[in-house]
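Enquirer: Hey, dropping run_34.cif in here, mmCIF, C-alpha atoms and all ligand atoms:
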```cif
data_final
#
loop_
_atom_site.label_atom_id
_atom_site.label_comp_id
_atom_site.auth_asym_id
_atom_site.auth_seq_id
_atom_site.Cartn_x
_atom_site.Cartn_y
_atom_site.Cartn_z
CA MET S 828 60.99 7.90 22.88
CA SER S 829 63.90 8.03 20.45
CA LYS S 830 67.00 7.64 22.66
CA THR S 831 69.45 8.08 19.81
CA LEU S 832 72.81 9.78 19.74
CA THR S 833 74.19 10.52 16.26
CA ILE S 834 77.71 11.92 16.04
CA ILE S 835 77.95 13.91 12.82
CA GLY S 836 80.57 15.78 10.79
CA ILE S 837 79.28 18.78 8.83
CA GLY S 838 82.30 19.10 6.54
CA PRO S 839 84.71 22.01 6.10
CA GLY S 840 82.12 24.77 5.48
CA GLU S 841 80.50 24.51 2.06
CA GLN S 842 76.89 23.34 2.35
CA GLY S 843 77.27 21.02 -0.66
CA PHE S 844 79.90 19.07 1.27
CA VAL S 845 77.38 18.00 3.93
CA THR S 846 76.43 14.39 3.18
CA PRO S 847 72.76 13.48 2.66
CA GLU S 848 72.91 11.17 5.71
CA VAL S 849 74.13 14.03 7.89
CA SER S 850 71.44 16.38 6.52
CA ALA S 851 68.79 13.75 7.35
CA ALA S 852 70.16 13.37 10.89
CA ILE S 853 69.98 17.16 11.39
CA ALA S 854 66.43 17.28 10.01
CA ARG S 855 65.10 14.66 12.45
CA ALA S 856 67.10 15.80 15.53
CA THR S 857 65.45 17.21 18.64
CA ASP S 858 68.72 18.41 20.24
CA ALA S 859 72.08 19.56 18.87
CA VAL S 860 75.18 19.59 21.06
CA GLY S 861 78.53 21.07 19.98
CA TYR S 862 81.07 23.85 19.93
CA ILE S 863 79.38 27.24 19.32
CA PRO S 864 80.61 28.00 15.75
CA TYR S 865 79.63 24.53 14.51
CA ILE S 866 76.14 24.78 16.06
CA GLU S 867 75.77 28.18 14.34
CA ARG S 868 76.37 26.51 10.96
CA LEU S 869 73.40 24.14 11.36
CA PRO S 870 70.28 24.77 9.30
CA GLY S 871 67.87 25.22 12.24
CA HIS S 872 64.30 23.94 12.35
CA PRO S 873 61.47 24.56 14.81
CA ASP S 874 61.83 21.21 16.60
CA LEU S 875 65.58 21.57 17.19
CA VAL S 876 66.91 22.77 20.54
CA CYS S 877 70.56 23.88 20.30
CA HIS S 878 72.99 23.39 23.20
CA PRO S 879 76.13 25.29 22.15
CA SER S 880 79.19 25.01 24.41
CA ASP S 881 82.64 26.49 24.60
CA ASN S 882 85.84 24.95 23.31
CA ARG S 883 87.75 22.37 25.37
CA VAL S 884 84.78 20.94 27.29
CA GLU S 885 84.47 17.86 25.13
CA LEU S 886 83.83 15.31 27.89
CA ASP S 887 81.16 17.46 29.59
CA ARG S 888 79.55 18.00 26.21
CA ALA S 889 79.61 14.25 25.47
CA ARG S 890 78.01 13.39 28.84
CA HIS S 891 75.36 16.07 28.33
CA ALA S 892 74.53 14.63 24.91
CA LEU S 893 74.26 11.09 26.33
CA ASP S 894 71.96 12.39 29.11
CA LEU S 895 69.71 14.16 26.60
CA ALA S 896 69.52 11.00 24.48
CA ALA S 897 68.81 8.84 27.54
CA ALA S 898 65.90 11.18 28.38
CA GLY S 899 64.33 10.30 25.03
CA GLY S 900 65.93 12.78 22.64
CA ASP S 901 67.07 12.34 19.07
CA VAL S 902 70.41 13.99 19.72
CA ILE S 903 73.15 15.04 17.31
CA VAL S 904 76.69 15.80 18.45
CA VAL S 905 78.16 18.18 15.89
CA SER S 906 81.79 18.45 14.70
CA SER S 907 83.22 20.23 11.70
CA GLY S 908 84.80 18.09 8.99
CA ASP S 909 84.73 14.45 10.07
CA PRO S 910 83.70 13.72 13.68
CA SER S 911 86.55 11.25 14.20
CA VAL S 912 89.35 13.56 13.03
CA PHE S 913 90.44 15.44 16.16
CA ALA S 914 86.81 15.92 17.09
CA MET S 915 83.87 14.66 19.14
CA SER S 916 83.37 10.97 18.39
CA ALA S 917 86.35 9.78 20.45
CA ALA S 918 85.20 12.08 23.28
CA VAL S 919 81.79 10.36 23.35
CA PHE S 920 83.41 6.92 23.61
CA GLU S 921 85.78 8.23 26.30
CA ALA S 922 82.76 9.45 28.29
CA MET S 923 81.23 5.97 27.99
CA GLU S 924 84.22 4.51 29.87
CA THR S 925 82.52 5.89 33.01
CA PRO S 926 78.92 4.98 32.18
CA SER S 927 75.73 6.20 33.76
CA ASP S 928 72.96 3.59 34.28
CA ALA S 929 70.62 5.72 32.17
CA TRP S 930 72.76 5.52 29.03
CA GLY S 931 72.37 1.73 28.55
CA ASP S 932 69.72 1.73 25.83
CA VAL S 933 70.90 4.79 23.89
CA GLU S 934 71.54 3.88 20.24
CA ILE S 935 74.83 5.39 19.06
CA THR S 936 75.78 6.06 15.42
CA VAL S 937 78.78 7.87 13.90
CA LEU S 938 78.26 9.51 10.49
CA PRO S 939 81.41 10.48 8.57
CA GLY S 940 82.07 13.87 7.01
CA ILE S 941 84.56 15.45 4.62
CA THR S 942 87.62 16.32 6.65
CA ALA S 943 89.62 19.53 6.05
CA MET S 944 92.73 17.86 4.63
CA LEU S 945 90.73 16.01 1.96
CA ALA S 946 88.83 19.16 0.96
CA ALA S 947 92.18 21.03 0.81
CA SER S 948 93.84 18.25 -1.16
CA ALA S 949 90.99 18.23 -3.70
CA ALA S 950 91.10 22.02 -4.05
CA ILE S 951 94.74 21.98 -5.17
CA GLY S 952 94.98 18.64 -7.00
CA ALA S 953 96.20 15.43 -5.33
CA PRO S 954 99.01 16.17 -2.83
CA LEU S 955 97.77 13.22 -0.74
CA GLY S 956 97.73 10.91 -3.77
CA HIS S 957 100.39 8.60 -2.29
CA ASP S 958 101.10 7.49 1.31
CA PHE S 959 100.51 10.22 3.88
CA CYS S 960 100.01 10.79 7.58
CA CYS S 961 98.00 13.27 9.56
CA ILE S 962 99.17 14.99 12.74
CA ASN S 963 97.38 17.28 15.18
CA LEU S 964 99.99 19.90 16.12
CA SER S 965 98.19 20.92 19.31
CA ASP S 966 100.03 19.85 22.46
CA ASN S 967 96.95 20.41 24.65
CA LEU S 968 96.29 16.66 24.97
CA LYS S 969 99.76 15.19 24.32
CA PRO S 970 103.35 16.19 25.08
CA TRP S 971 105.34 18.15 22.49
CA ASP S 972 108.01 15.38 22.50
CA ILE S 973 105.69 12.87 20.84
CA ILE S 974 104.72 15.44 18.20
CA GLU S 975 108.36 16.10 17.40
CA ARG S 976 109.18 12.37 17.29
CA ARG S 977 106.29 11.70 14.90
CA LEU S 978 107.30 14.64 12.69
CA ARG S 979 110.87 13.39 12.41
CA LEU S 980 109.83 9.77 11.71
CA ALA S 981 107.23 10.84 9.14
CA ALA S 982 109.81 13.00 7.39
CA ARG S 983 112.33 10.12 7.40
CA GLY S 984 109.63 7.80 6.01
CA ASP S 985 109.04 10.35 3.23
CA PHE S 986 105.33 10.60 3.93
CA ALA S 987 103.31 13.57 2.77
CA MET S 988 101.84 15.10 5.95
CA ALA S 989 98.71 17.00 6.84
CA PHE S 990 98.71 19.18 9.96
CA TYR S 991 95.61 20.23 11.89
CA ASN S 992 95.48 22.95 14.57
CA PRO S 993 98.86 24.31 13.40
CA ARG S 994 99.14 27.59 15.31
CA SER S 995 97.00 29.43 17.86
CA THR S 996 97.54 32.53 19.96
CA LEU S 997 97.92 30.30 23.03
CA ARG S 998 100.45 28.06 21.21
CA PRO S 999 102.52 30.47 19.09
CA LEU S 1000 105.78 28.47 19.20
CA GLY S 1001 104.76 24.94 18.20
CA PHE S 1002 104.44 25.69 14.50
CA GLU S 1003 107.74 27.55 14.47
CA LYS S 1004 109.38 24.42 15.96
CA THR S 1005 107.51 22.25 13.44
CA LEU S 1006 108.94 24.18 10.50
CA GLN S 1007 112.40 24.03 12.08
CA VAL S 1008 112.20 20.23 12.44
CA LEU S 1009 111.03 19.86 8.84
CA LYS S 1010 113.79 22.13 7.53
CA GLU S 1011 116.28 19.89 9.37
CA GLU S 1012 114.78 16.59 8.21
CA CYS S 1013 113.57 17.22 4.65
CA GLY S 1014 115.69 17.98 1.64
CA ASP S 1015 115.32 21.07 -0.53
CA ASN S 1016 112.48 21.57 -3.01
CA ARG S 1017 109.80 20.39 -0.60
CA LEU S 1018 106.37 21.94 -1.26
CA VAL S 1019 104.19 23.16 1.58
CA LEU S 1020 100.50 24.06 1.11
CA PHE S 1021 98.70 26.48 3.41
CA ALA S 1022 94.98 25.95 2.85
CA ARG S 1023 92.86 28.45 4.77
CA ASN S 1024 89.06 28.47 5.07
CA VAL S 1025 88.82 25.64 2.59
CA SER S 1026 85.49 25.46 0.71
CA LEU S 1027 84.38 28.83 2.09
CA PRO S 1028 84.02 31.98 -0.06
CA ASP S 1029 87.30 33.41 1.30
CA GLN S 1030 89.32 30.21 0.72
CA THR S 1031 93.04 30.81 0.09
CA ILE S 1032 95.66 28.24 -0.85
CA ARG S 1033 99.35 29.17 -0.91
CA VAL S 1034 102.03 26.85 -2.24
CA VAL S 1035 105.43 27.70 -0.70
CA PRO S 1036 108.82 25.94 -0.85
CA LEU S 1037 109.66 24.66 2.66
CA GLN S 1038 112.77 26.82 2.99
CA GLU S 1039 110.63 29.95 2.42
CA THR S 1040 107.90 29.09 4.93
CA THR S 1041 107.37 31.25 8.02
CA PRO S 1042 105.18 30.54 11.07
CA ASP S 1043 102.73 33.38 10.39
CA MET S 1044 101.57 31.58 7.22
CA ALA S 1045 99.28 29.34 9.35
CA ASP S 1046 96.55 29.93 11.91
CA MET S 1047 93.69 27.90 13.36
CA ARG S 1048 91.66 28.28 10.16
CA THR S 1049 94.48 26.65 8.15
CA VAL S 1050 95.24 23.03 7.35
CA VAL S 1051 98.86 22.59 6.27
CA ILE S 1052 99.96 19.91 3.82
CA VAL S 1053 103.65 19.11 3.43
CA GLY S 1054 104.52 17.18 0.29
CA SER S 1055 106.80 14.16 0.17
CA SER S 1056 110.07 14.41 -1.76
CA LYS S 1057 108.08 13.31 -4.86
CA THR S 1058 105.27 15.89 -4.64
CA LYS S 1059 105.33 18.26 -7.60
CA THR S 1060 103.37 20.75 -9.65
CA VAL S 1061 101.75 20.30 -13.05
CA GLN S 1062 100.52 23.18 -15.21
CA HIS S 1063 97.09 23.13 -16.89
CA GLY S 1064 96.48 26.33 -18.82
CA GLU S 1065 96.60 29.15 -16.29
CA LYS S 1066 96.21 26.82 -13.36
CA GLU S 1067 98.92 25.02 -11.43
CA PHE S 1068 97.99 21.80 -9.65
CA VAL S 1069 100.02 20.00 -6.97
CA TYR S 1070 100.08 16.22 -6.85
CA THR S 1071 102.01 13.26 -5.49
CA PRO S 1072 102.49 10.45 -8.03
CA ARG S 1073 101.02 7.00 -7.26
CA PHE S 1074 104.34 5.25 -7.96
CA TYR S 1075 107.54 5.59 -5.93
CA GLU S 1076 111.06 4.88 -7.10
CA LEU S 1077 113.92 4.86 -4.63
CA ASP S 1078 116.62 7.43 -5.39
CA VAL S 1079 119.92 5.70 -6.15
N1 LIG L 1101 87.10 17.48 12.63
C1 LIG L 1101 87.70 18.52 11.82
C2 LIG L 1101 89.03 19.01 12.40
C3 LIG L 1101 88.90 19.71 13.75
S1 LIG L 1101 90.42 20.31 14.33
C4 LIG L 1101 87.89 17.99 10.39
O1 LIG L 1101 87.76 16.79 10.17
O2 LIG L 1101 88.19 18.81 9.48
C5 LIG L 1101 90.36 22.00 13.74
C6 LIG L 1101 91.38 22.20 12.63
O3 LIG L 1101 90.87 21.68 11.41
C7 LIG L 1101 91.71 23.66 12.31
O4 LIG L 1101 92.68 24.22 13.18
C8 LIG L 1101 92.26 23.53 10.90
O5 LIG L 1101 93.59 23.02 10.93
C9 LIG L 1101 91.36 22.42 10.32
N2 LIG L 1101 90.21 22.96 9.56
C10 LIG L 1101 88.91 22.77 9.84
N3 LIG L 1101 88.11 23.35 8.90
C11 LIG L 1101 88.95 23.92 8.01
C12 LIG L 1101 88.76 24.67 6.80
N4 LIG L 1101 87.55 24.93 6.31
N5 LIG L 1101 89.86 25.12 6.14
C13 LIG L 1101 91.10 24.84 6.61
N6 LIG L 1101 91.35 24.13 7.75
C14 LIG L 1101 90.29 23.69 8.43
#
```
Hey, can you dump this file as structure tokens for me?
Expert:
Amino acid sequence: MSKTLTIIGIGPGEQGFVTPEVSAAIARATDAVGYIPYIERLPGHPDLVCHPSDNRVELDRARHALDLAAAGGDVIVVSSGDPSVFAMSAAVFEAMETPSDAWGDVEITVLPGITAMLAASAAIGAPLGHDFCCINLSDNLKPWDIIERRLRLAARGDFAMAFYNPRSTLRPLGFEKTLQVLKEECGDNRLVLFARNVSLPDQTIRVVPLQETTPDMADMRTVVIVGSSKTKTVQHGEKEFVYTPRFYELDV
């Protein structure tokens, strides 16, 4: 009887970005629990039973995974990217706040993965090379007011910013408001990166000055990186990289 629950992140898409530890966890698993498109990305094997579920049922999914592990399974809970970045690991610990007697001896492990913003940052250079923050723009689990407050304070602190879940069909207005707030708070010449399907064959990365950005530039397959006031481009042959210097001098 295994009774293990391993919470894994399978990276942004490219197979080479799956860590060896995560590959080993998949290879020995008896059960895989997760959102349908992430389960579909797993390399299957004959001993693996998949339990795909729909979006937005994270707590049910976490309890189901704990039950399967308690029954003796070697269970993986699958997220894209890193499992702690707006993904399943916090949901598993939330589920454990209301424990079942059966879960007591389940061994729980979290294995990190390459999160979308770091894959995007690497693909274009080093836009997150200095201090940055990371904000989930979905207001499904938090009020819009806290998102707007954090955006304004991050802009005033001159952080680079990475945005997840920027714009969905059910939330068409949030990203429009986000761009409006940034245009109010940030000076001119601010670079914004729209990195879509990072590490996949159809990856696209657009670099756009903030004042020229429009909401339709992002969707749910996009991670958005907003540079700080110091973020800039550097040319290397045909290629243009974007980076944020390690040092910071106050403007006088
Ligand atoms: N745990 C994941 C994030 C889940 S939230 C991670 O660490 O990457 C889902 C959001 O992640 C998407 O809306 C998008 O903003 C971002 N994302 C995930 N994979 C991506 C990819 N390959 N390219 C661009 N953005 C991606």
Enquirer: Neighbours of ligand LIG 1101 (chain L) at 9 Å or closer, counting only C-alpha atoms and all ligand atoms: which residues, as a VMD selection string?
Expert: chain S and resid 836 to 841 906 to 915 940 to 947 963 to 965 989 to 995 1021 to 1027 1030 to 1031 1045 to 1051
Enquirer: Quick check, in Å to one decimal: how far apart do atom CA of S:Glu934 and atom CA of S:Gly871 lie?
Expert: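 Calculated distance between atom CA of S:Glu934 and atom CA of S:Gly871 is 23.1 Å.
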Enquirer: For S:Lys1004, please output as a CSV table (one decimal) with C-alpha atoms, keeping the file's coordinate frame all residues within 12 Å (counting only C-alpha atoms; exclusion window: fewer than 3 positions along the same chain).
Expert:
```csv
chain,number,residue,atom,x,y,z
S,964,LEU,CA,100.0,19.9,16.1
S,971,TRP,CA,105.3,18.2,22.5
S,972,ASP,CA,108.0,15.4,22.5
S,974,ILE,CA,104.7,15.4,18.2
S,975,GLU,CA,108.4,16.1,17.4
S,978,LEU,CA,107.3,14.6,12.7
S,979,ARG,CA,110.9,13.4,12.4
S,993,PRO,CA,98.9,24.3,13.4
S,994,ARG,CA,99.1,27.6,15.3
S,998,ARG,CA,100.4,28.1,21.2
S,999,PRO,CA,102.5,30.5,19.1
S,1000,LEU,CA,105.8,28.5,19.2
S,1001,GLY,CA,104.8,24.9,18.2
S,1007,GLN,CA,112.4,24.0,12.1
S,1008,VAL,CA,112.2,20.2,12.4
S,1009,LEU,CA,111.0,19.9,8.8
S,1010,LYS,CA,113.8,22.1,7.5
S,1011,GLU,CA,116.3,19.9,9.4
S,1041,THR,CA,107.4,31.2,8.0
S,1042,PRO,CA,105.2,30.5,11.1
```
Enquirer: If we count all atoms listed in the file, what is near S:Arg1073 at a cut-off of 12 Å, once residues fewer than 6 positions away on the same chain are taken out, given as a list of chain:residue names?
Expert: S:Ala953, S:Pro954, S:Leu955, S:Gly956, S:His957, S:Asp958, S:Phe959, S:Ser1055, S:Lys1057, S:Thr1058
Enquirer: Counting all atoms listed in the file, what is within 12 Å of S:Glu1067, bar same-chain residues fewer than 2 positions away, as a ChimeraX atom specification?
Expert: /S:950-953,1032-1034,1059-1065,1069-1070
Enquirer: Let me make sure I understand: among S:Ser1056, S:Thr857, S:Thr1005, S:Ser916, which one has the smallest atom-to-atom distance to S:Ile835 if we use all atoms listed in the file?
Expert: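 With all atoms listed in the file as the atom set, the closest residue is S:Ser916.
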Enquirer: Provide the atom CA of S:Pro926 to atom CA of S:Leu869 distance in Å, to one decimal place.
Expert: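 Distance reported for this atom pair: 28.8 Å.
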Enquirer: How far is it from atom CA of S:Phe1002 to atom CA of S:Ser880, in Å with one decimal?
Expert: 27.1 Å
Enquirer: Mind checking which residues fall within 9 Å of S:Thr1040, counting all atoms listed in the file, ignoring those fewer than 4 positions away in the same chain, and posting them as a ChimeraX atom specification?
Expert: /S:1006,1019,1035-1036,1044
Enquirer: Which is closest to S:Gly984 among S:Glu1039, S:Ala852, S:Leu1077, S:Arg868, if we use all atoms listed in the file?
Expert: S:Leu1077
Enquirer: Do you know which residues are at most 10 Å from S:Leu893 counting only C-alpha atoms, after dropping those on the same chain fewer than 3 positions away, and could you put them as a list in words?
Expert: Lys830, Thr831, Leu832, Asp887, Arg888, Ala889, Arg890, Ala896, Ala897, Ala898, Gly900, Val902, Ile903, Val904, Val919, Ala922, Met923, Pro926, Ser927, Ala929, Trp930, Gly931, Val933, Glu934 and Ile935 of chain S
Enquirer: Limited to C-alpha atoms, could you put the picked residues into a file as an mmCIF file, in the coordinates of the input?
Expert:
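What landed in out_17.cif:
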```cif
data_model
loop_
_atom_site.group_PDB
_atom_site.id
_atom_site.type_symbol
_atom_site.label_atom_id
_atom_site.label_comp_id
_atom_site.auth_asym_id
_atom_site.auth_seq_id
_atom_site.Cartn_x
_atom_site.Cartn_y
_atom_site.Cartn_z
ATOM 1 C CA LYS S 830 67.000 7.640 22.660
ATOM 2 C CA THR S 831 69.450 8.080 19.810
ATOM 3 C CA LEU S 832 72.810 9.780 19.740
ATOM 4 C CA ASP S 887 81.160 17.460 29.590
ATOM 5 C CA ARG S 888 79.550 18.000 26.210
ATOM 6 C CA ALA S 889 79.610 14.250 25.470
ATOM 7 C CA ARG S 890 78.010 13.390 28.840
ATOM 8 C CA ALA S 896 69.520 11.000 24.480
ATOM 9 C CA ALA S 897 68.810 8.840 27.540
ATOM 10 C CA ALA S 898 65.900 11.180 28.380
ATOM 11 C CA GLY S 900 65.930 12.780 22.640
ATOM 12 C CA VAL S 902 70.410 13.990 19.720
ATOM 13 C CA ILE S 903 73.150 15.040 17.310
ATOM 14 C CA VAL S 904 76.690 15.800 18.450
ATOM 15 C CA VAL S 919 81.790 10.360 23.350
ATOM 16 C CA ALA S 922 82.760 9.450 28.290
ATOM 17 C CA MET S 923 81.230 5.970 27.990
ATOM 18 C CA PRO S 926 78.920 4.980 32.180
ATOM 19 C CA SER S 927 75.730 6.200 33.760
ATOM 20 C CA ALA S 929 70.620 5.720 32.170
ATOM 21 C CA TRP S 930 72.760 5.520 29.030
ATOM 22 C CA GLY S 931 72.370 1.730 28.550
ATOM 23 C CA VAL S 933 70.900 4.790 23.890
ATOM 24 C CA GLU S 934 71.540 3.880 20.240
ATOM 25 C CA ILE S 935 74.830 5.390 19.060
#
```
Enquirer: May I ask which of the residues S:Val876, S:Phe986, S:Lys969, S:Ile834 is the closest one to S:Ala917, counting only C-alpha atoms?
Expert: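 Smallest separation from S:Ala917 among the options: S:Ile834.
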Enquirer: So, counting only C-alpha atoms, which residue among S:Phe844, S:Cys961, S:Tyr862, S:Glu921 is closest to S:Val884?
Expert: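 So, comparing all the options, the nearest one is S:Tyr862.
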Enquirer: Taking into account only C-alpha atoms, which residue in the set S:Gly899, S:Asn967, S:Gln842, S:Ala892 is nearest to S:Pro1028?
Expert: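 When distances to S:Pro1028 are compared using only C-alpha atoms, the smallest one comes from S:Gln842.
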Enquirer: Find the residue from S:Asp894, S:Val905, S:Val1053, S:Leu886 that sits nearest to S:Asp932; use all atoms listed in the file when measuring.
Expert: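 Of S:Asp894, S:Val905, S:Val1053, S:Leu886, the one nearest S:Asp932, counting all atoms listed in the file, is S:Asp894.
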Enquirer: Hey, could you patch up stretch 916-933 of chain S with N, CA, C and O atoms and hand it over as a compact mmCIF listing (two decimals), in the frame of the given file?
Expert:
```txt
# COMPACT_ATOMS: atom_id res chain seq x y z
N SER S 916 83.82 12.36 18.21
CA SER S 916 83.37 10.97 18.39
C SER S 916 84.22 10.24 19.43
O SER S 916 83.68 9.54 20.29
N ALA S 917 85.53 10.46 19.43
CA ALA S 917 86.35 9.78 20.45
C ALA S 917 85.97 10.28 21.84
O ALA S 917 85.98 9.49 22.81
N ALA S 918 85.58 11.55 21.96
CA ALA S 918 85.20 12.08 23.28
C ALA S 918 83.95 11.39 23.81
O ALA S 918 83.84 11.11 25.01
N VAL S 919 83.00 11.07 22.91
CA VAL S 919 81.79 10.36 23.35
C VAL S 919 82.17 8.97 23.87
O VAL S 919 81.72 8.55 24.95
N PHE S 920 83.04 8.27 23.15
CA PHE S 920 83.41 6.92 23.61
C PHE S 920 84.25 6.99 24.90
O PHE S 920 84.13 6.12 25.77
N GLU S 921 85.06 8.04 25.04
CA GLU S 921 85.78 8.23 26.30
C GLU S 921 84.80 8.43 27.46
O GLU S 921 84.97 7.85 28.53
N ALA S 922 83.77 9.21 27.24
CA ALA S 922 82.76 9.45 28.29
C ALA S 922 82.09 8.13 28.69
O ALA S 922 81.79 7.91 29.87
N MET S 923 81.91 7.24 27.71
CA MET S 923 81.23 5.97 27.99
C MET S 923 82.08 5.01 28.82
O MET S 923 81.59 4.00 29.33
N GLU S 924 83.36 5.34 28.99
CA GLU S 924 84.22 4.51 29.87
C GLU S 924 83.76 4.62 31.33
O GLU S 924 84.05 3.76 32.14
N THR S 925 83.09 5.73 31.67
CA THR S 925 82.52 5.89 33.01
C THR S 925 81.01 6.03 32.83
O THR S 925 80.46 7.14 32.84
N PRO S 926 80.32 4.90 32.61
CA PRO S 926 78.92 4.98 32.18
C PRO S 926 77.96 5.39 33.29
O PRO S 926 78.24 5.18 34.46
N SER S 927 76.87 5.96 32.85
CA SER S 927 75.73 6.20 33.76
C SER S 927 74.70 5.11 33.45
O SER S 927 74.57 4.68 32.31
N ASP S 928 73.96 4.66 34.49
CA ASP S 928 72.96 3.59 34.28
C ASP S 928 71.96 3.97 33.20
O ASP S 928 71.50 3.13 32.43
N ALA S 929 71.67 5.27 33.10
CA ALA S 929 70.62 5.72 32.17
C ALA S 929 71.03 5.58 30.70
O ALA S 929 70.18 5.55 29.82
N TRP S 930 72.32 5.49 30.43
CA TRP S 930 72.76 5.52 29.03
C TRP S 930 72.60 4.17 28.31
O TRP S 930 72.78 4.08 27.09
N GLY S 931 72.29 3.10 29.07
CA GLY S 931 72.37 1.73 28.55
C GLY S 931 71.67 1.50 27.23
O GLY S 931 72.19 0.82 26.35
N ASP S 932 70.46 2.05 27.07
CA ASP S 932 69.72 1.73 25.83
C ASP S 932 69.76 2.85 24.80
O ASP S 932 68.94 2.88 23.89
N VAL S 933 70.74 3.76 24.93
CA VAL S 933 70.90 4.79 23.89
C VAL S 933 71.56 4.16 22.66
O VAL S 933 72.57 3.46 22.78
```
